[in-house]
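Student: Input structure: protein36.cif, which contains mmCIF, C-alpha atoms.
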data_my_file
loop_
_atom_site.label_atom_id
_atom_site.label_comp_id
_atom_site.auth_asym_id
_atom_site.auth_seq_id
_atom_site.Cartn_x
_atom_site.Cartn_y
_atom_site.Cartn_z
CA MET R 1 24.01 17.02 -6.90
CA THR R 2 23.15 14.80 -9.78
CA ALA R 3 19.88 14.98 -11.70
CA ASN R 4 18.78 11.68 -10.17
CA LEU R 5 19.21 13.01 -6.64
CA VAL R 6 17.24 16.21 -7.41
CA LEU R 7 14.44 14.12 -8.96
CA PHE R 8 14.47 11.80 -5.94
CA LEU R 9 14.24 14.65 -3.43
CA ILE R 10 11.38 16.43 -5.26
CA LEU R 11 9.42 13.18 -5.62
CA ALA R 12 10.08 12.19 -2.02
CA VAL R 13 8.65 15.52 -0.81
CA VAL R 14 5.59 15.04 -3.06
CA ALA R 15 5.09 11.44 -1.89
CA VAL R 16 5.33 12.27 1.83
CA THR R 17 3.09 15.33 1.43
CA ALA R 18 0.48 13.28 -0.43
CA ALA R 19 0.61 10.58 2.27
CA ILE R 20 0.15 13.14 5.08
CA ALA R 21 -2.67 14.83 3.14
CA MET R 22 -4.34 11.43 2.73
CA LEU R 23 -4.02 10.86 6.47
CA SER R 24 -5.55 14.20 7.41
CA SER R 25 -8.23 14.76 4.76
CA ARG R 26 -11.84 14.52 5.99
CA ASN R 27 -13.36 13.54 2.64
CA PRO R 28 -12.57 9.92 1.57
CA VAL R 29 -12.64 10.89 -2.13
CA TYR R 30 -9.82 13.41 -1.64
CA ALA R 31 -7.93 10.82 0.41
CA ALA R 32 -8.19 8.35 -2.49
CA LEU R 33 -6.92 10.96 -4.97
CA TYR R 34 -3.95 11.83 -2.73
CA LEU R 35 -3.14 8.14 -2.48
CA ILE R 36 -3.09 7.90 -6.29
CA ILE R 37 -0.51 10.74 -6.38
CA ASN R 38 1.55 8.80 -3.84
CA PHE R 39 1.36 5.58 -5.89
CA CYS R 40 2.47 7.41 -9.06
CA CYS R 41 5.49 8.86 -7.18
CA ILE R 42 6.42 5.37 -6.01
CA ALA R 43 6.12 4.13 -9.61
CA VAL R 44 8.71 6.73 -10.65
CA PHE R 45 10.97 5.52 -7.81
CA TYR R 46 10.69 2.01 -9.27
CA LEU R 47 11.81 3.41 -12.63
CA LEU R 48 14.81 5.08 -10.93
CA LEU R 49 15.64 1.69 -9.35
CA ASN R 50 15.74 -0.17 -12.72
CA ALA R 51 12.36 -1.86 -12.25
CA PRO R 52 10.29 -0.76 -15.28
CA PHE R 53 7.97 -3.77 -15.26
CA ILE R 54 7.08 -3.32 -11.57
CA ALA R 55 6.56 0.41 -12.18
CA MET R 56 4.03 -0.26 -14.93
CA ALA R 57 2.32 -2.95 -12.81
CA GLN R 58 2.16 -0.42 -9.98
CA ILE R 59 0.39 2.14 -12.18
CA THR R 60 -2.05 -0.28 -13.84
CA VAL R 61 -2.89 -2.44 -10.82
CA TYR R 62 -2.54 0.00 -7.91
CA ALA R 63 -3.27 3.46 -9.28
CA GLY R 64 -5.67 2.00 -11.83
CA ALA R 65 -7.61 -1.03 -10.67
CA ILE R 66 -7.36 -0.92 -6.88
CA MET R 67 -8.00 2.81 -6.49
CA VAL R 68 -10.93 2.68 -8.92
CA LEU R 69 -12.38 -0.08 -6.73
CA PHE R 70 -11.88 2.18 -3.68
CA LEU R 71 -13.59 5.10 -5.45
CA PHE R 72 -16.49 2.84 -6.47
CA VAL R 73 -17.06 1.76 -2.88
CA ILE R 74 -16.76 5.35 -1.61
CA MET R 75 -19.40 6.44 -4.15
CA LEU R 76 -21.57 3.43 -3.24
CA LEU R 77 -21.48 4.21 0.47
CA GLY R 78 -22.05 7.91 -0.07
CA GLY R 79 -18.62 9.24 0.94
CA GLU R 80 -19.66 9.47 4.57
CA GLU R 81 -17.76 12.08 6.60
CA LEU R 82 -17.40 10.97 10.19
CA PRO R 83 -17.48 13.60 12.95
CA PRO R 84 -14.05 14.30 14.48
CA GLY R 85 -13.03 13.00 17.88
CA THR R 86 -12.64 9.49 19.22
CA LYS R 87 -14.32 7.38 21.86
CA ILE R 88 -11.02 6.16 23.28
CA ARG R 89 -9.58 8.99 25.35
CA TRP R 90 -5.84 8.77 24.73
CA GLN R 91 -6.01 7.37 21.22
CA ARG R 92 -4.51 10.26 19.24
CA PRO R 93 -1.51 11.24 21.43
CA LEU R 94 -0.75 7.60 22.11
CA ALA R 95 -0.94 6.80 18.37
CA ILE R 96 1.45 9.65 17.52
CA PHE R 97 3.88 8.58 20.27
CA LEU R 98 3.82 4.95 19.09
CA GLY R 99 4.23 6.11 15.48
CA VAL R 100 7.37 8.11 16.37
CA VAL R 101 8.79 5.11 18.26
CA LEU R 102 8.07 2.84 15.27
CA PHE R 103 9.75 5.31 12.92
CA LEU R 104 12.88 5.59 15.06
CA GLU R 105 13.13 1.81 15.36
CA THR R 106 12.73 1.29 11.61
CA VAL R 107 15.29 3.95 10.73
CA TYR R 108 17.74 2.61 13.32
CA ILE R 109 17.54 -0.95 12.01
CA PHE R 110 17.67 0.01 8.33
CA ILE R 111 20.39 2.64 8.56
CA THR R 112 22.70 0.66 10.84
CA SER R 113 22.54 -2.47 8.70
CA PRO R 114 25.78 -2.78 6.72
CA ASP R 115 23.84 -3.30 3.47
CA ALA R 116 22.38 0.20 3.46
CA GLN R 117 25.75 1.97 3.33
CA ALA R 118 27.28 0.25 0.32
CA ALA R 119 27.28 1.87 -3.11
CA LEU R 120 24.92 0.61 -5.79
CA PRO R 121 26.49 -1.94 -8.14
CA GLU R 122 26.30 -1.57 -11.89
CA VAL R 123 23.58 -3.68 -13.48
CA ALA R 124 22.97 -4.82 -17.04
CA ASP R 125 20.43 -2.95 -19.19
CA ALA R 126 18.15 -5.99 -19.14
CA PHE R 127 17.85 -5.87 -15.34
CA GLY R 128 14.15 -5.73 -14.40
CA SER R 129 12.93 -5.90 -17.99
CA PRO R 130 9.70 -7.82 -18.71
CA THR R 131 11.71 -10.58 -20.41
CA GLU R 132 13.90 -11.20 -17.36
CA ILE R 133 10.93 -10.97 -14.97
CA GLY R 134 8.97 -13.45 -17.10
CA LEU R 135 11.85 -15.93 -17.25
CA LEU R 136 12.28 -15.81 -13.48
CA LEU R 137 8.53 -15.97 -12.85
CA PHE R 138 7.95 -19.04 -15.00
CA ASN R 139 11.08 -20.93 -13.97
CA ARG R 140 12.12 -20.43 -10.37
CA TYR R 141 8.83 -18.97 -9.08
CA LEU R 142 6.36 -21.09 -11.05
CA LEU R 143 4.63 -22.64 -8.01
CA PRO R 144 4.02 -19.31 -6.20
CA PHE R 145 2.73 -17.91 -9.49
CA GLU R 146 0.16 -20.71 -9.79
CA VAL R 147 -0.81 -20.37 -6.12
CA THR R 148 -1.46 -16.68 -6.82
CA SER R 149 -4.07 -17.62 -9.41
CA ILE R 150 -5.89 -19.77 -6.83
CA LEU R 151 -5.70 -16.88 -4.35
CA LEU R 152 -7.26 -14.49 -6.88
CA LEU R 153 -10.01 -17.02 -7.64
CA ALA R 154 -10.74 -17.42 -3.93
CA ALA R 155 -10.83 -13.64 -3.48
CA MET R 156 -13.24 -13.28 -6.41
CA VAL R 157 -15.57 -15.97 -5.07
CA GLY R 158 -15.31 -14.48 -1.58
CA ALA R 159 -16.21 -10.99 -2.75
CA ILE R 160 -19.22 -12.26 -4.71
CA VAL R 161 -20.50 -14.41 -1.83
CA LEU R 162 -20.01 -11.62 0.75
CA THR R 163 -22.01 -9.07 -1.19
CA GLN R 164 -24.67 -11.48 -2.48
CA SER R 165 -25.77 -13.05 0.81
CA GLU R 166 -26.61 -9.55 2.07
CA GLU R 167 -29.04 -8.91 -0.81
CA LYS R 168 -30.80 -12.23 -0.26
CA GLY R 169 -31.26 -11.39 3.44
CA GLU R 170 -32.91 -8.08 2.56
CA LYS R 171 -35.31 -9.65 0.08
CA LYS R 172 -36.77 -12.05 2.64
CA MET O 173 23.22 7.66 -8.15
CA VAL O 174 20.95 7.92 -5.12
CA PRO O 175 22.18 5.73 -2.22
CA VAL O 176 19.85 2.92 -1.26
CA SER O 177 19.59 4.24 2.31
CA TYR O 178 17.60 7.26 1.02
CA TYR O 179 14.99 4.93 -0.44
CA ILE O 180 14.88 2.93 2.78
CA GLY O 181 14.45 6.11 4.82
CA LEU O 182 11.57 7.22 2.58
CA SER O 183 10.05 3.76 2.89
CA ALA O 184 10.25 4.04 6.70
CA VAL O 185 8.54 7.46 6.63
CA LEU O 186 5.71 6.19 4.42
CA PHE O 187 5.26 3.07 6.55
CA THR O 188 5.00 5.17 9.71
CA ILE O 189 2.40 7.46 8.11
CA GLY O 190 0.41 4.37 7.09
CA ALA O 191 0.60 2.89 10.59
CA LEU O 192 -0.49 6.23 12.07
CA GLY O 193 -3.45 6.24 9.68
CA VAL O 194 -4.53 2.80 10.88
CA LEU O 195 -4.26 3.94 14.51
CA ILE O 196 -5.90 7.36 14.18
CA ARG O 197 -8.65 7.14 11.57
CA ARG O 198 -12.05 5.58 12.29
CA ASN O 199 -13.34 5.44 8.72
CA ALA O 200 -12.95 1.82 7.58
CA ILE O 201 -12.13 2.83 3.98
CA LEU O 202 -9.38 5.20 5.13
CA ILE O 203 -7.93 2.47 7.33
CA PHE O 204 -7.79 0.26 4.25
CA MET O 205 -6.03 2.98 2.26
CA SER O 206 -3.46 3.30 5.06
CA VAL O 207 -2.83 -0.45 4.86
CA GLU O 208 -2.23 -0.05 1.12
CA LEU O 209 0.26 2.72 1.87
CA MET O 210 2.15 0.41 4.25
CA LEU O 211 2.23 -2.37 1.65
CA ASN O 212 3.61 0.11 -0.88
CA SER O 213 6.38 1.28 1.41
CA ALA O 214 7.38 -2.34 1.97
CA ASN O 215 7.40 -2.83 -1.81
CA LEU O 216 9.68 0.18 -2.19
CA ALA O 217 12.13 -1.35 0.28
CA PHE O 218 11.97 -4.67 -1.63
CA VAL O 219 12.77 -3.01 -4.96
CA ALA O 220 15.53 -0.87 -3.43
CA PHE O 221 17.26 -3.92 -1.95
CA ALA O 222 16.75 -5.83 -5.20
CA ARG O 223 18.61 -3.04 -7.00
CA GLN O 224 21.37 -3.02 -4.42
CA HIS O 225 22.03 -6.75 -4.60
CA ALA O 226 21.47 -6.85 -8.40
CA GLU O 227 19.10 -9.75 -7.72
CA MET O 228 15.67 -9.70 -9.28
CA SER O 229 13.90 -11.88 -6.69
CA GLY O 230 12.95 -8.72 -4.80
CA GLN O 231 11.05 -7.45 -7.83
CA ILE O 232 9.24 -10.80 -8.15
CA PHE O 233 8.21 -10.52 -4.50
CA THR O 234 6.88 -7.03 -5.14
CA PHE O 235 4.86 -8.49 -7.99
CA PHE O 236 3.34 -11.07 -5.62
CA VAL O 237 2.66 -8.41 -2.97
CA ILE O 238 0.75 -6.35 -5.56
CA THR O 239 -1.34 -9.43 -6.46
CA VAL O 240 -2.10 -10.25 -2.82
CA ALA O 241 -3.00 -6.58 -2.22
CA ALA O 242 -5.51 -6.75 -5.09
CA ALA O 243 -7.14 -9.86 -3.61
CA GLU O 244 -7.12 -8.31 -0.13
CA VAL O 245 -8.79 -5.12 -1.37
CA ALA O 246 -11.52 -7.07 -3.19
CA VAL O 247 -12.44 -9.09 -0.09
CA GLY O 248 -11.96 -6.17 2.31
CA LEU O 249 -14.17 -3.79 0.37
CA ALA O 250 -16.83 -6.51 0.06
CA LEU O 251 -16.69 -6.84 3.86
CA ILE O 252 -17.03 -3.07 4.29
CA VAL O 253 -20.07 -3.00 1.97
CA SER O 254 -21.56 -5.91 3.90
CA ILE O 255 -20.98 -4.17 7.25
CA PHE O 256 -22.45 -0.95 5.86
CA ASN O 257 -25.61 -2.81 4.81
CA HIS O 258 -25.95 -4.10 8.37
CA LYS O 259 -25.03 -1.06 10.44
CA ARG O 260 -25.55 1.87 8.02
CA SER O 261 -22.10 3.13 9.09
CA ILE O 262 -18.44 2.54 8.24
CA ASP O 263 -17.18 3.81 11.60
CA VAL O 264 -14.98 1.02 12.98
CA ASP O 265 -15.93 2.01 16.55
CA GLU O 266 -19.51 0.99 15.74
CA VAL O 267 -18.44 -2.54 14.81
CA SER O 268 -18.18 -3.86 18.36
CA SER O 269 -20.92 -6.50 18.42
CA LEU O 270 -18.45 -9.22 19.46
CA LYS O 271 -17.37 -7.25 22.54
CA GLY O 272 -18.54 -8.95 25.76
#
What would you get if you wrote out this structure as structure tokens?

Tutor:
Amino acid sequence: MTANLVLFLILAVVAVTAAIAMLSSRNPVYAALYLIINFCCIAVFYLLLNAPFIAMAQITVYAGAIMVLFLFVIMLLGGEELPPGTKIRWQRPLAIFLGVVLFLETVYIFITSPDAQAALPEVADAFGSPTEIGLLLFNRYLLPFEVTSILLLAAMVGAIVLTQSEEKGEKK
Amino acid sequence: MVPVSYYIGLSAVLFTIGALGVLIRRNAILIFMSVELMLNSANLAFVAFARQHAEMSGQIFTFFVITVAAAEVAVGLALIVSIFNHKRSIDVDEVSSLKG
């Protein structure tokens, strides 16, 4: 067993445990913290896969910005703990059954595809570096990049409008 | 070197856990977190295949997915706050006003 494989297995166990803990924790704040652990594990996987830029983006954007936004909203809404149990009778067993079916299907399709069996090719040191990513982003993917900025603007305006109209309604 | 199928298997496990979270939980914020988990597992598959084919387009796609996820979270959380102001609850079972 190489060092990479040992690191992968340990991190995979941590990531899956954190995901299950997020799924089963009653308190939304704990769930958010477990999700941050999971995101950090995935960032290390990106590093193992020669994607340092994506790994850093993962930590700053996901584990940083997005999860802080989640924690803000949880604090704002008071971290409400819902009582257990569901109104739909067969929801939980049916959900677990469908989840298992989905998992088996995904594994079957991924594992049986010829791509998944081949060995990893050697790549240059510059693979996935910020320089290479930037060159690709501003040459071949320039239009999607610009569309992304419009999307972010629309999301910002949408978030402001959604939360503001509510305040105006209460004042009347 | 870790074979790419290990990463894909892990990605499948995480995606299933996220889908289960969407199906089981009733707290709107936790459902959102499960959606984030699913997006992340898809990103992991993207980066793993990008490494396998030595082609960086997969990493660029992951970059775009992260951006779209940020926009989605901003709008989604604004919606949750708005619903909470209306109903005083973030239980998705309570949000059934459109049901006939």

Student: Work out where the centre of an axis-aligned box around every listed atom of region 86-98 of chain R lies and how long its edges are once 6 Å is added on each side; give both in Å to one decimal as lines of an AutoDock Vina configuration file.

Tutor:
center_x = -5.2
center_y = 8.1
center_z = 21.4
size_x = 30.2
size_y = 18.3
size_z = 19.8

Student: With all atoms listed in the file as the counted atoms, please give the residues lying no more than 9 Å from Phe103 (chain R), apart from itself and same-chain residues fewer than 5 positions off, as a PyMOL selection string.

Tutor: (chain R and resi 98+108) or (chain O and resi 184-185+187-188)

Student: Pick out the closest residue to Glu227 (chain O) from this set: R:Phe110, R:Phe97, R:Phe127, R:Phe45. Count all atoms listed in the file.

Tutor: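 Between R:Phe110, R:Phe97, R:Phe127, R:Phe45, the residue approaching Glu227 (chain O) most closely is R:Phe127.
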
Student: For Val107 (chain R), find every residue with an atom within 12 Å (counting all atoms listed in the file), except residues of its own chain fewer than 3 positions away, and show them as a list in words.

Tutor: Val100, Val101, Leu102, Phe103, Leu104, Phe110, Ile111, Thr112, Ser113 and Ala116 of chain R; Ser177, Tyr178, Tyr179, Ile180, Gly181, Leu182, Ser183, Ala184, Val185, Leu186, Phe187 and Thr188 of chain O

Student: Give me, as a PyMOL selection string, all polymer residues having an atom no more than 10 Å from Met205 (chain O), counting all atoms listed in the file and skipping those fewer than 3 positions away in the same chain.

Tutor: (chain R and resi 22-23+28+31-32+35+67+70) or (chain O and resi 190+193-194+200-202+208-211+245)

Student: Report, in Å to a single decimal, how far apart CA of Ala95 (chain R) and CA of Leu11 (chain R) are.

Tutor: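 CA of Leu11 (chain R) sits 26.9 Å away from CA of Ala95 (chain R).
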
Student: Give me the residues within 8 Å of region 215-223 of chain O as a PyMOL selection string, counting only C-alpha atoms and dropping any in the same chain fewer than 4 places off.

Tutor: (chain R and resi 42+45-46+49-51+120) or (chain O and resi 176+179-180+183+211+227-231+233-234+237)

Student: When you look at region 142-148 of chain R with a cut-off of 12 Å (counting all atoms listed in the file), what residues show up, excluding the ones that are within fewer than 2 positions of it in the same chain? I need them as a PyMOL selection string.

Tutor: (chain R and resi 133-140+150-155) or (chain O and resi 232-233+235-243)

Student: Using all atoms listed in the file, pick whichever of R:Ala18, R:Ile10, R:Phe53, R:Val157 has the shortest atom-to-atom distance to Tyr30 (chain R).

Tutor: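 Ranking R:Ala18, R:Ile10, R:Phe53, R:Val157 by distance to Tyr30 (chain R), first place goes to R:Ala18.
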
Student: Interatomic distance between CA of Asn38 (chain R) and CA of Gly78 (chain R)?

Tutor: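 These two atoms are separated by 23.9 Å.
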
Student: Just checking: using all atoms listed in the file, which residue out of O:Ala214, O:Leu270, O:His225, O:Lys259 ends up closest to chain R?

Tutor: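 Closest candidate: O:His225.
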
Student: Between CA of His258 (chain O) and CA of Ile66 (chain R), measure the distance and give it in Å to one decimal.

Tutor: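 Between CA of His258 (chain O) and CA of Ile66 (chain R) the gap is 24.3 Å.
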
Student: Which is closer to chain O than all the others in R:Ile59, R:Ile54, R:Leu7, R:Leu33, using only C-alpha atoms?

Tutor: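 Distance minimum relative to chain O lands on R:Ile54.
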
Student: The PyMOL selection byres ((chain R and resi 160) around 12) on the file shown: which residues, as a VMD selection string?

Tutor: (chain R and resid 153 to 159 161 to 167) or (chain O and resid 246 to 251 253 to 254)

Student: Any chance you could resolve the PyMOL selection byres ((chain O and resi 198) around 6) against this file and give the residues as a ChimeraX atom specification?

Tutor: /O:197,199,263-264

Student: I need the chosen residues saved as an mmCIF file, in the coordinates of the input, with C-alpha atoms.

Tutor:
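selection-v5.cif was written with the following content:
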data_model
loop_
_atom_site.group_PDB
_atom_site.id
_atom_site.type_symbol
_atom_site.label_atom_id
_atom_site.label_comp_id
_atom_site.auth_asym_id
_atom_site.auth_seq_id
_atom_site.Cartn_x
_atom_site.Cartn_y
_atom_site.Cartn_z
ATOM 1 C CA ARG O 197 -8.650 7.140 11.570
ATOM 2 C CA ASN O 199 -13.340 5.440 8.720
ATOM 3 C CA ASP O 263 -17.180 3.810 11.600
ATOM 4 C CA VAL O 264 -14.980 1.020 12.980
#
